[in-house]
$ cat start01.cif   # mmCIF, C-alpha atoms
data_structure
#
loop_
_atom_site.group_PDB
_atom_site.id
_atom_site.type_symbol
_atom_site.label_atom_id
_atom_site.label_comp_id
_atom_site.auth_asym_id
_atom_site.auth_seq_id
_atom_site.Cartn_x
_atom_site.Cartn_y
_atom_site.Cartn_z
ATOM 1 C CA MET H 16 0.000 0.000 0.000
ATOM 2 C CA LYS H 17 2.805 2.423 0.914
ATOM 3 C CA SER H 18 4.631 1.592 -2.300
ATOM 4 C CA ARG H 19 1.495 2.160 -4.398
ATOM 5 C CA PHE H 20 0.815 5.504 -2.702
ATOM 6 C CA ALA H 21 4.406 6.642 -3.144
ATOM 7 C CA THR H 22 4.259 5.784 -6.853
ATOM 8 C CA ILE H 23 1.012 7.710 -7.339
ATOM 9 C CA ILE H 24 2.112 10.783 -5.431
ATOM 10 C CA CYS H 25 5.516 10.855 -7.129
ATOM 11 C CA ALA H 26 3.837 10.900 -10.527
ATOM 12 C CA ILE H 27 1.466 13.704 -9.549
ATOM 13 C CA PHE H 28 4.044 15.844 -7.810
ATOM 14 C CA LEU H 29 6.823 15.374 -10.355
ATOM 15 C CA THR H 30 4.602 16.358 -13.273
ATOM 16 C CA GLY H 31 3.325 19.496 -11.569
ATOM 17 C CA CYS H 32 6.454 20.586 -9.735
ATOM 18 C CA ILE H 33 8.910 20.174 -12.607
ATOM 19 C CA SER H 34 6.557 22.071 -14.898
ATOM 20 C CA GLN H 35 6.316 24.913 -12.385
ATOM 21 C CA MET H 36 10.089 24.962 -11.856
ATOM 22 C CA SER H 37 10.753 25.390 -15.564
ATOM 23 C CA GLN H 38 8.037 27.981 -16.227
ATOM 24 C CA SER H 39 7.742 30.238 -13.203
ATOM 25 C CA ILE H 40 9.600 33.415 -12.333
ATOM 26 C CA HIS H 41 11.579 32.666 -9.196
ATOM 27 C CA GLU H 42 11.676 35.353 -6.538
ATOM 28 C CA ALA H 43 13.544 34.808 -3.308
ATOM 29 C CA PRO H 44 11.069 34.511 -0.400
ATOM 30 C CA SER H 45 11.897 37.972 0.882
ATOM 31 C CA ALA H 46 8.654 39.771 0.048
ATOM 32 C CA THR H 47 7.871 40.947 3.577
ATOM 33 C CA LYS H 48 6.934 44.541 2.814
ATOM 34 C CA ALA H 49 3.569 44.849 4.517
ATOM 35 C CA PRO H 50 0.608 46.676 2.996
ATOM 36 C CA SER H 51 -0.228 49.988 4.633
ATOM 37 C CA MET H 52 -1.880 49.146 7.948
ATOM 38 C CA SER H 53 -1.209 49.127 11.675
ATOM 39 C CA ILE H 54 1.029 46.250 12.812
ATOM 40 C CA PRO H 55 0.780 45.394 16.554
ATOM 41 C CA ASP H 56 4.024 46.055 18.391
ATOM 42 C CA TYR H 57 4.427 42.793 20.293
ATOM 43 C CA ALA H 58 7.164 42.555 22.894
ATOM 44 C CA SER H 59 10.137 40.771 21.366
ATOM 45 C CA GLU H 60 13.286 39.034 22.553
ATOM 46 C CA THR H 61 16.410 38.447 20.496
ATOM 47 C CA ILE H 62 17.654 34.852 20.667
ATOM 48 C CA ASP H 63 20.685 35.394 18.440
ATOM 49 C CA LYS H 64 21.681 37.889 15.762
ATOM 50 C CA ASP H 65 19.312 36.319 13.216
ATOM 51 C CA MET H 66 16.390 35.199 15.386
ATOM 52 C CA VAL H 67 13.688 37.096 17.293
ATOM 53 C CA ILE H 68 10.769 35.700 19.279
ATOM 54 C CA ARG H 69 7.486 37.536 19.966
ATOM 55 C CA GLU H 70 4.760 36.524 22.426
ATOM 56 C CA ILE H 71 1.483 37.373 20.693
ATOM 57 C CA GLN H 72 -0.689 35.685 23.341
ATOM 58 C CA PRO H 73 0.266 34.210 26.730
ATOM 59 C CA GLY H 74 2.505 31.230 25.945
ATOM 60 C CA PHE H 75 2.062 31.632 22.175
ATOM 61 C CA HIS H 76 5.286 32.723 20.484
ATOM 62 C CA VAL H 77 6.100 33.605 16.876
ATOM 63 C CA VAL H 78 9.748 32.878 16.077
ATOM 64 C CA THR H 79 11.237 34.849 13.173
ATOM 65 C CA HIS H 80 14.531 33.577 11.769
ATOM 66 C CA SER H 81 16.165 35.797 9.137
ATOM 67 C CA PHE H 82 18.672 33.650 7.291
ATOM 68 C CA PRO H 83 18.650 35.732 5.238
ATOM 69 C CA TRP H 84 14.890 36.033 4.580
ATOM 70 C CA PRO H 85 12.610 36.466 7.606
ATOM 71 C CA HIS H 86 10.499 33.354 8.149
ATOM 72 C CA ASN H 87 7.980 32.654 10.902
ATOM 73 C CA SER H 88 7.572 29.500 12.956
ATOM 74 C CA LEU H 89 5.787 28.890 16.267
ATOM 75 C CA LEU H 90 6.670 27.841 19.802
ATOM 76 C CA VAL H 91 3.540 27.327 21.886
ATOM 77 C CA GLU H 92 3.025 26.295 25.504
ATOM 78 C CA MET H 93 -0.042 24.053 25.330
ATOM 79 C CA GLN H 94 -2.789 23.610 27.913
ATOM 80 C CA ASN H 95 -1.255 20.389 29.290
ATOM 81 C CA SER H 96 2.218 22.046 29.547
ATOM 82 C CA ASP H 97 3.624 20.366 26.406
ATOM 83 C CA ILE H 98 5.560 22.584 23.988
ATOM 84 C CA LEU H 99 4.459 22.515 20.346
ATOM 85 C CA LEU H 100 6.760 23.726 17.577
ATOM 86 C CA VAL H 101 5.249 24.477 14.173
ATOM 87 C CA ASP H 102 7.961 24.561 11.499
ATOM 88 C CA THR H 103 11.583 25.253 12.413
ATOM 89 C CA PRO H 104 14.237 27.921 11.957
ATOM 90 C CA TYR H 105 16.219 27.504 8.731
ATOM 91 C CA THR H 106 19.126 25.554 10.221
ATOM 92 C CA PRO H 107 19.870 22.949 12.920
ATOM 93 C CA GLU H 108 22.223 25.425 14.605
ATOM 94 C CA ALA H 109 19.480 28.038 14.989
ATOM 95 C CA THR H 110 17.028 25.364 16.082
ATOM 96 C CA ARG H 111 19.374 24.268 18.851
ATOM 97 C CA GLU H 112 19.505 27.890 20.032
ATOM 98 C CA LEU H 113 15.698 27.952 20.093
ATOM 99 C CA LEU H 114 15.623 24.756 22.169
ATOM 100 C CA LYS H 115 18.088 26.322 24.627
ATOM 101 C CA TRP H 116 15.815 29.350 24.927
ATOM 102 C CA GLU H 117 12.792 27.105 25.465
ATOM 103 C CA ASN H 118 14.543 25.123 28.198
ATOM 104 C CA ALA H 119 15.709 28.270 29.987
ATOM 105 C CA LYS H 120 12.189 29.730 29.931
ATOM 106 C CA PHE H 121 10.025 26.661 30.552
ATOM 107 C CA GLY H 122 12.349 24.008 31.942
ATOM 108 C CA ALA H 123 12.142 20.364 30.920
ATOM 109 C CA ARG H 124 8.977 19.832 28.881
ATOM 110 C CA ASN H 125 7.644 17.294 26.420
ATOM 111 C CA ILE H 126 8.178 18.816 22.956
ATOM 112 C CA ILE H 127 6.335 17.919 19.755
ATOM 113 C CA ALA H 128 6.908 19.448 16.318
ATOM 114 C CA ILE H 129 4.951 19.762 13.073
ATOM 115 C CA ASN H 130 6.343 20.463 9.582
ATOM 116 C CA THR H 131 3.869 22.260 7.307
ATOM 117 C CA GLY H 132 5.770 21.466 4.104
ATOM 118 C CA TYR H 133 8.956 20.180 2.540
ATOM 119 C CA HIS H 134 10.771 23.497 1.987
ATOM 120 C CA TYR H 135 13.796 24.217 4.181
ATOM 121 C CA ASP H 136 11.981 27.019 6.019
ATOM 122 C CA ASN H 137 9.529 24.367 7.215
ATOM 123 C CA LEU H 138 12.024 21.670 8.244
ATOM 124 C CA GLY H 139 15.604 22.928 8.039
ATOM 125 C CA GLY H 140 15.986 22.357 11.782
ATOM 126 C CA ASN H 141 14.635 18.796 11.812
ATOM 127 C CA GLY H 142 18.097 17.311 12.276
ATOM 128 C CA ALA H 143 18.455 19.107 15.629
ATOM 129 C CA LEU H 144 14.941 18.176 16.757
ATOM 130 C CA ILE H 145 15.267 14.496 15.940
ATOM 131 C CA ALA H 146 18.740 14.316 17.495
ATOM 132 C CA ALA H 147 17.157 15.715 20.680
ATOM 133 C CA GLY H 148 14.554 12.932 20.656
ATOM 134 C CA ILE H 149 11.675 15.159 19.577
ATOM 135 C CA GLY H 150 8.873 13.648 17.519
ATOM 136 C CA VAL H 151 8.300 15.567 14.280
ATOM 137 C CA TYR H 152 4.972 15.179 12.472
ATOM 138 C CA GLY H 153 4.725 15.701 8.728
ATOM 139 C CA SER H 154 2.666 14.476 5.806
ATOM 140 C CA ASP H 155 3.646 11.408 3.807
ATOM 141 C CA ALA H 156 4.191 13.698 0.805
ATOM 142 C CA ILE H 157 7.205 15.375 2.429
ATOM 143 C CA PRO H 158 9.748 12.515 2.132
ATOM 144 C CA VAL H 159 8.690 11.980 -1.485
ATOM 145 C CA LEU H 160 9.183 15.638 -2.367
ATOM 146 C CA LEU H 161 12.468 15.894 -0.488
ATOM 147 C CA SER H 162 13.756 12.971 -2.501
ATOM 148 C CA GLN H 163 12.472 14.224 -5.828
ATOM 149 C CA ARG H 164 12.746 18.023 -5.454
ATOM 150 C CA GLY H 165 15.170 18.713 -2.609
ATOM 151 C CA GLU H 166 18.286 19.283 -4.689
ATOM 152 C CA ALA H 167 16.451 21.431 -7.232
ATOM 153 C CA LEU H 168 15.250 23.563 -4.317
ATOM 154 C CA ARG H 169 18.822 23.822 -3.028
ATOM 155 C CA ALA H 170 20.119 24.892 -6.459
ATOM 156 C CA LEU H 171 17.424 27.563 -6.727
ATOM 157 C CA THR H 172 18.243 28.870 -3.251
ATOM 158 C CA LEU H 173 21.960 29.032 -3.996
ATOM 159 C CA SER H 174 21.229 31.004 -7.156
ATOM 160 C CA TRP H 175 19.552 33.647 -4.964
ATOM 161 C CA LEU H 176 22.603 33.700 -2.679
ATOM 162 C CA ALA H 177 25.317 33.932 -5.351
ATOM 163 C CA ASP H 178 26.322 37.480 -4.381
ATOM 164 C CA PRO H 179 29.472 37.349 -2.173
ATOM 165 C CA LYS H 180 27.700 39.450 0.475
ATOM 166 C CA TYR H 181 25.571 36.360 1.179
ATOM 167 C CA SER H 182 28.563 34.037 1.593
ATOM 168 C CA GLU H 183 27.605 33.040 5.163
ATOM 169 C CA TYR H 184 24.120 32.055 4.059
ATOM 170 C CA TYR H 185 25.353 30.418 0.857
ATOM 171 C CA LYS H 186 27.599 28.020 2.749
ATOM 172 C CA ALA H 187 24.913 27.184 5.323
ATOM 173 C CA HIS H 188 22.283 26.401 2.669
ATOM 174 C CA LYS H 189 24.814 24.511 0.545
ATOM 175 C CA ASP H 190 25.636 22.223 3.487
ATOM 176 C CA LEU H 191 22.121 21.985 4.939
ATOM 177 C CA GLN H 192 20.845 18.418 5.307
ATOM 178 C CA TYR H 193 17.180 17.990 4.450
ATOM 179 C CA VAL H 194 15.837 15.662 7.144
ATOM 180 C CA PRO H 195 12.247 14.395 6.766
ATOM 181 C CA PRO H 196 9.806 14.235 9.696
ATOM 182 C CA ASN H 197 9.914 11.002 11.684
ATOM 183 C CA THR H 198 6.153 10.629 12.274
ATOM 184 C CA LEU H 199 4.055 10.596 9.104
ATOM 185 C CA TYR H 200 0.331 11.051 8.490
ATOM 186 C CA HIS H 201 -1.608 10.788 5.226
ATOM 187 C CA LEU H 202 -1.741 14.241 3.620
ATOM 188 C CA GLN H 203 -5.384 14.060 2.575
ATOM 189 C CA ASP H 204 -6.485 12.924 6.047
ATOM 190 C CA GLY H 205 -4.729 15.686 7.954
ATOM 191 C CA LEU H 206 -3.958 15.321 11.644
ATOM 192 C CA THR H 207 -5.556 16.092 15.009
ATOM 193 C CA LEU H 208 -3.502 16.391 18.193
ATOM 194 C CA ASN H 209 -4.974 16.814 21.666
ATOM 195 C CA PHE H 210 -3.133 18.563 24.497
ATOM 196 C CA GLY H 211 -5.356 18.156 27.518
ATOM 197 C CA ASN H 212 -8.458 20.185 26.679
ATOM 198 C CA GLU H 213 -6.766 21.936 23.779
ATOM 199 C CA ARG H 214 -6.978 20.623 20.214
ATOM 200 C CA VAL H 215 -4.719 21.351 17.268
ATOM 201 C CA THR H 216 -5.820 20.525 13.722
ATOM 202 C CA VAL H 217 -3.496 20.110 10.757
ATOM 203 C CA TYR H 218 -5.516 20.705 7.587
ATOM 204 C CA TYR H 219 -4.682 20.323 3.906
ATOM 205 C CA PRO H 220 -6.840 22.686 1.799
ATOM 206 C CA GLY H 221 -5.300 21.686 -1.550
ATOM 207 C CA PRO H 222 -2.334 22.869 -3.657
ATOM 208 C CA THR H 223 -1.061 26.378 -2.915
ATOM 209 C CA HIS H 224 2.505 27.701 -2.501
ATOM 210 C CA THR H 225 3.525 24.069 -2.782
ATOM 211 C CA ARG H 226 1.379 21.069 -3.589
ATOM 212 C CA GLU H 227 1.431 19.791 0.003
ATOM 213 C CA ASN H 228 1.511 22.816 2.306
ATOM 214 C CA VAL H 229 -0.810 22.462 5.302
ATOM 215 C CA VAL H 230 -2.160 24.919 7.877
ATOM 216 C CA VAL H 231 -2.280 24.430 11.654
ATOM 217 C CA TYR H 232 -5.372 25.594 13.564
ATOM 218 C CA PHE H 233 -5.536 26.314 17.281
ATOM 219 C CA LYS H 234 -9.305 26.188 17.823
ATOM 220 C CA GLU H 235 -9.447 27.343 21.445
ATOM 221 C CA ARG H 236 -7.268 30.349 20.591
ATOM 222 C CA SER H 237 -8.828 31.104 17.163
ATOM 223 C CA ILE H 238 -5.331 31.248 15.679
ATOM 224 C CA LEU H 239 -4.452 29.818 12.284
ATOM 225 C CA PHE H 240 -0.843 29.307 11.207
ATOM 226 C CA GLY H 241 -1.162 29.689 7.457
ATOM 227 C CA GLY H 242 2.546 29.423 6.678
ATOM 228 C CA CYS H 243 3.775 30.192 3.188
ATOM 229 C CA MET H 244 0.390 29.819 1.479
ATOM 230 C CA ILE H 245 -0.663 33.065 3.209
ATOM 231 C CA LEU H 246 0.868 36.224 1.740
ATOM 232 C CA ALA H 247 1.534 39.244 3.955
ATOM 233 C CA GLY H 248 3.734 41.190 1.543
ATOM 234 C CA ASP H 249 3.112 42.822 -1.812
ATOM 235 C CA SER H 250 4.078 39.973 -4.172
ATOM 236 C CA VAL H 251 3.691 36.213 -4.511
ATOM 237 C CA GLY H 252 7.392 35.449 -4.066
ATOM 238 C CA ASN H 253 8.757 32.019 -4.962
ATOM 239 C CA THR H 254 6.368 30.123 -7.252
ATOM 240 C CA ALA H 255 8.702 27.265 -8.179
ATOM 241 C CA ASP H 256 6.400 24.650 -6.605
ATOM 242 C CA ALA H 257 3.154 26.620 -6.701
ATOM 243 C CA ASP H 258 -0.139 25.700 -8.324
ATOM 244 C CA MET H 259 -1.370 29.145 -9.347
ATOM 245 C CA GLN H 260 -4.759 27.858 -10.536
ATOM 246 C CA GLU H 261 -5.647 25.939 -7.386
ATOM 247 C CA TRP H 262 -4.053 28.277 -4.845
ATOM 248 C CA PRO H 263 -7.011 30.728 -4.633
ATOM 249 C CA LYS H 264 -9.527 27.870 -4.384
ATOM 250 C CA SER H 265 -7.562 26.323 -1.541
ATOM 251 C CA ILE H 266 -7.319 29.640 0.315
ATOM 252 C CA GLU H 267 -11.100 30.075 0.137
ATOM 253 C CA LYS H 268 -11.464 26.851 2.149
ATOM 254 C CA LEU H 269 -9.749 28.506 5.108
ATOM 255 C CA ARG H 270 -12.845 30.633 5.704
ATOM 256 C CA GLN H 271 -14.360 27.632 7.529
ATOM 257 C CA PHE H 272 -12.176 28.472 10.542
ATOM 258 C CA LYS H 273 -12.963 31.153 13.123
ATOM 259 C CA ILE H 274 -9.795 33.249 12.940
ATOM 260 C CA ASP H 275 -8.733 36.091 15.191
ATOM 261 C CA LEU H 276 -5.053 35.879 14.223
ATOM 262 C CA LEU H 277 -3.656 34.501 10.966
ATOM 263 C CA ILE H 278 0.099 33.969 10.911
ATOM 264 C CA PRO H 279 1.896 33.977 7.538
ATOM 265 C CA GLY H 280 5.159 32.235 6.742
ATOM 266 C CA HIS H 281 6.804 35.585 5.938
ATOM 267 C CA GLY H 282 5.884 38.987 7.321
ATOM 268 C CA ASP H 283 4.648 40.764 10.446
ATOM 269 C CA ARG H 284 0.991 41.235 9.604
ATOM 270 C CA MET H 285 -1.202 38.695 11.445
ATOM 271 C CA ASP H 286 -4.856 39.665 10.961
ATOM 272 C CA ALA H 287 -7.633 37.510 9.499
ATOM 273 C CA GLN H 288 -7.924 39.862 6.500
ATOM 274 C CA LEU H 289 -4.782 38.236 5.146
ATOM 275 C CA ILE H 290 -7.080 35.741 3.431
ATOM 276 C CA ASP H 291 -8.503 38.520 1.259
ATOM 277 C CA HIS H 292 -5.070 40.089 0.850
ATOM 278 C CA THR H 293 -3.617 36.782 -0.348
ATOM 279 C CA LEU H 294 -6.413 36.399 -2.892
ATOM 280 C CA ASP H 295 -5.801 39.964 -4.119
ATOM 281 C CA ILE H 296 -2.083 39.339 -4.607
ATOM 282 C CA LEU H 297 -2.774 36.075 -6.427
ATOM 283 C CA ALA H 298 -5.303 37.774 -8.710
ATOM 284 C CA LYS H 299 -2.768 40.460 -9.608
ATOM 285 C CA ALA H 300 -0.129 37.808 -10.278
ATOM 286 C CA LYS H 301 -2.336 36.223 -12.912
#
$ encode --input "start01.cif" --output "structure tokens"
Amino acid sequence: MKSRFATIICAIFLTGCISQMSQSIHEAPSATKAPSMSIPDYASETIDKDMVIREIQPGFHVVTHSFPWPHNSLLVEMQNSDILLVDTPYTPEATRELLKWENAKFGARNIIAINTGYHYDNLGGNGALIAAGIGVYGSDAIPVLLSQRGEALRALTLSWLADPKYSEYYKAHKDLQYVPPNTLYHLQDGLTLNFGNERVTVYYPGPTHTRENVVVYFKERSILFGGCMILAGDSVGNTADADMQEWPKSIEKLRQFKIDLLIPGHGDRMDAQLIDHTLDILAKAK
């Protein structure tokens, strides 16, 4: 059964992804210029020179790692005292620094992680998490795409970092090991995790920024982590793995959730109107 599924998904993903890679205009994922609006000034703490953490609700932290492009992940203290990480910093080194910060702030806790996609800004730190004995959830599409698309993604990234001023980042991305999650679920089925009386839902709305990006919904908090399928800047950014036809349809499905805060993969804006903003940007891109 696993072999049959892998064969089917490889065929689907290879056809779509290779076509997109050859046809799309590739922008580095640095489009974080926010539209004109008020951005809440959350208290922040610098973890290292490239990483800042903001507490947007009690125990709910947005981690922004700029290496070199700012990318958001989450560190959340759950109702039962577990720590949930959603996506990782870009590198194992930065992820180890985040774990040190977590331990200093919360002490020894049970930690669980979720990858929302196969790109390095979703799982670049997996090596550090797994080495620390942390279970990392991800869809069964991720190992397939890492195998089939990982090196093409690396080559594209290095092309963005060719300028000598990016030499530090170039070397880190050149040497970065792409480590898949160690606990898989079927993409189409999604995933539900319970933390005491608090529930977290991992939902796949359909192809978007990549063909397997998922969102993570915190029902009791009315917070949705939309990741890279949600656009907070003024352009689409990297479309190498995107399905531009299905992306808007998939975003519309997110309206089923009650959302007070919507967290994008890149950018500081975190309001629910990012759904409409994303659809506007996609419409202009067409």
$ closest_residue --input "start01.cif" --among "H:Leu160, H:Asp97, H:Leu114, H:Ile129" --to "Ala147 of chain H" --atoms "all atoms listed in the file"
H:Leu114
$ axis_aligned_box --input "start01.cif" --around "segment 273-286 of chain H" --padding-each-side "6 Å" --output "AutoDock Vina command-line options"
--center_x -3.1 --center_y 36.2 --center_z 10.6 --size_x 31.8 --size_y 22.1 --size_z 21.3
$ resolve_selection --input "start01.cif" --expression "the PyMOL selection byres ((chain H and resi 220) around 9)" --output "VMD selection string"
chain H and resid 203 218 to 219 221 to 223 227 to 230 264 to 269
$ residues_near_point --input "start01.cif" --point "(-8.4, 23.6, 18.8)" --cutoff "6 Å" --atoms "all atoms listed in the file" --output "list in words"
Glu213, Arg214, Val215, Phe233, Lys234 and Glu235 of chain H
$ residues_near_point --input "start01.cif" --point "(6.6, 34.8, 5.3)" --cutoff "12 Å" --atoms "all atoms listed in the file" --output "number ranges by chain"
H: 43-49, 77-81, 84-88, 136-137, 224, 240-253, 277-285, 289, 293
$ closest_residue --input "start01.cif" --among "H:Gln94, H:Thr61, H:Thr216, H:Gln192" --to "Gly139 of chain H" --atoms "only C-alpha atoms"
H:Gln192
$ resolve_selection --input "start01.cif" --expression "the PyMOL selection byres ((chain H and resi 130) around 7)" --output "list in words"
Val101, Asp102, Ala128, Ile129, Thr131, Gly132, Asn137, Leu138, Tyr152 and Gly153 of chain H
$ closest_residue --input "start01.cif" --among "H:Arg69, H:Arg236, H:Lys299, H:His134" --to "Arg169 of chain H" --atoms "only C-alpha atoms"
H:His134
$ closest_residue --input "start01.cif" --among "H:Ile98, H:Ala146, H:Ala177, H:Leu161" --to "Gly122 of chain H" --atoms "only C-alpha atoms"
H:Ile98
$ resolve_selection --input "start01.cif" --expression "the PyMOL selection byres ((chain H and resi 144) around 12)" --output "PyMOL selection string"
chain H and resi 99-104+106-115+126-130+138-143+145-152+194-197
$ closest_residue --input "start01.cif" --among "H:Lys180, H:Lys186, H:Arg270, H:Lys301" --to "Leu239 of chain H" --atoms "all atoms listed in the file"
H:Arg270
$ closest_residue --input "start01.cif" --among "H:Ser154, H:Asn125, H:Asn95, H:Thr254" --to "Asp204 of chain H" --atoms "all atoms listed in the file"
H:Ser154
$ atom_distance --input "start01.cif" --atom1 "atom CA of Glu166 of chain H" --atom2 "atom CA of His188 of chain H"
11.0 Å
$ atom_distance --input "start01.cif" --atom1 "atom CA of Lys64 of chain H" --atom2 "atom CA of Phe82 of chain H"
9.9 Å
$ atom_distance --input "start01.cif" --atom1 "atom CA of Leu202 of chain H" --atom2 "atom CA of Ala187 of chain H"
29.7 Å
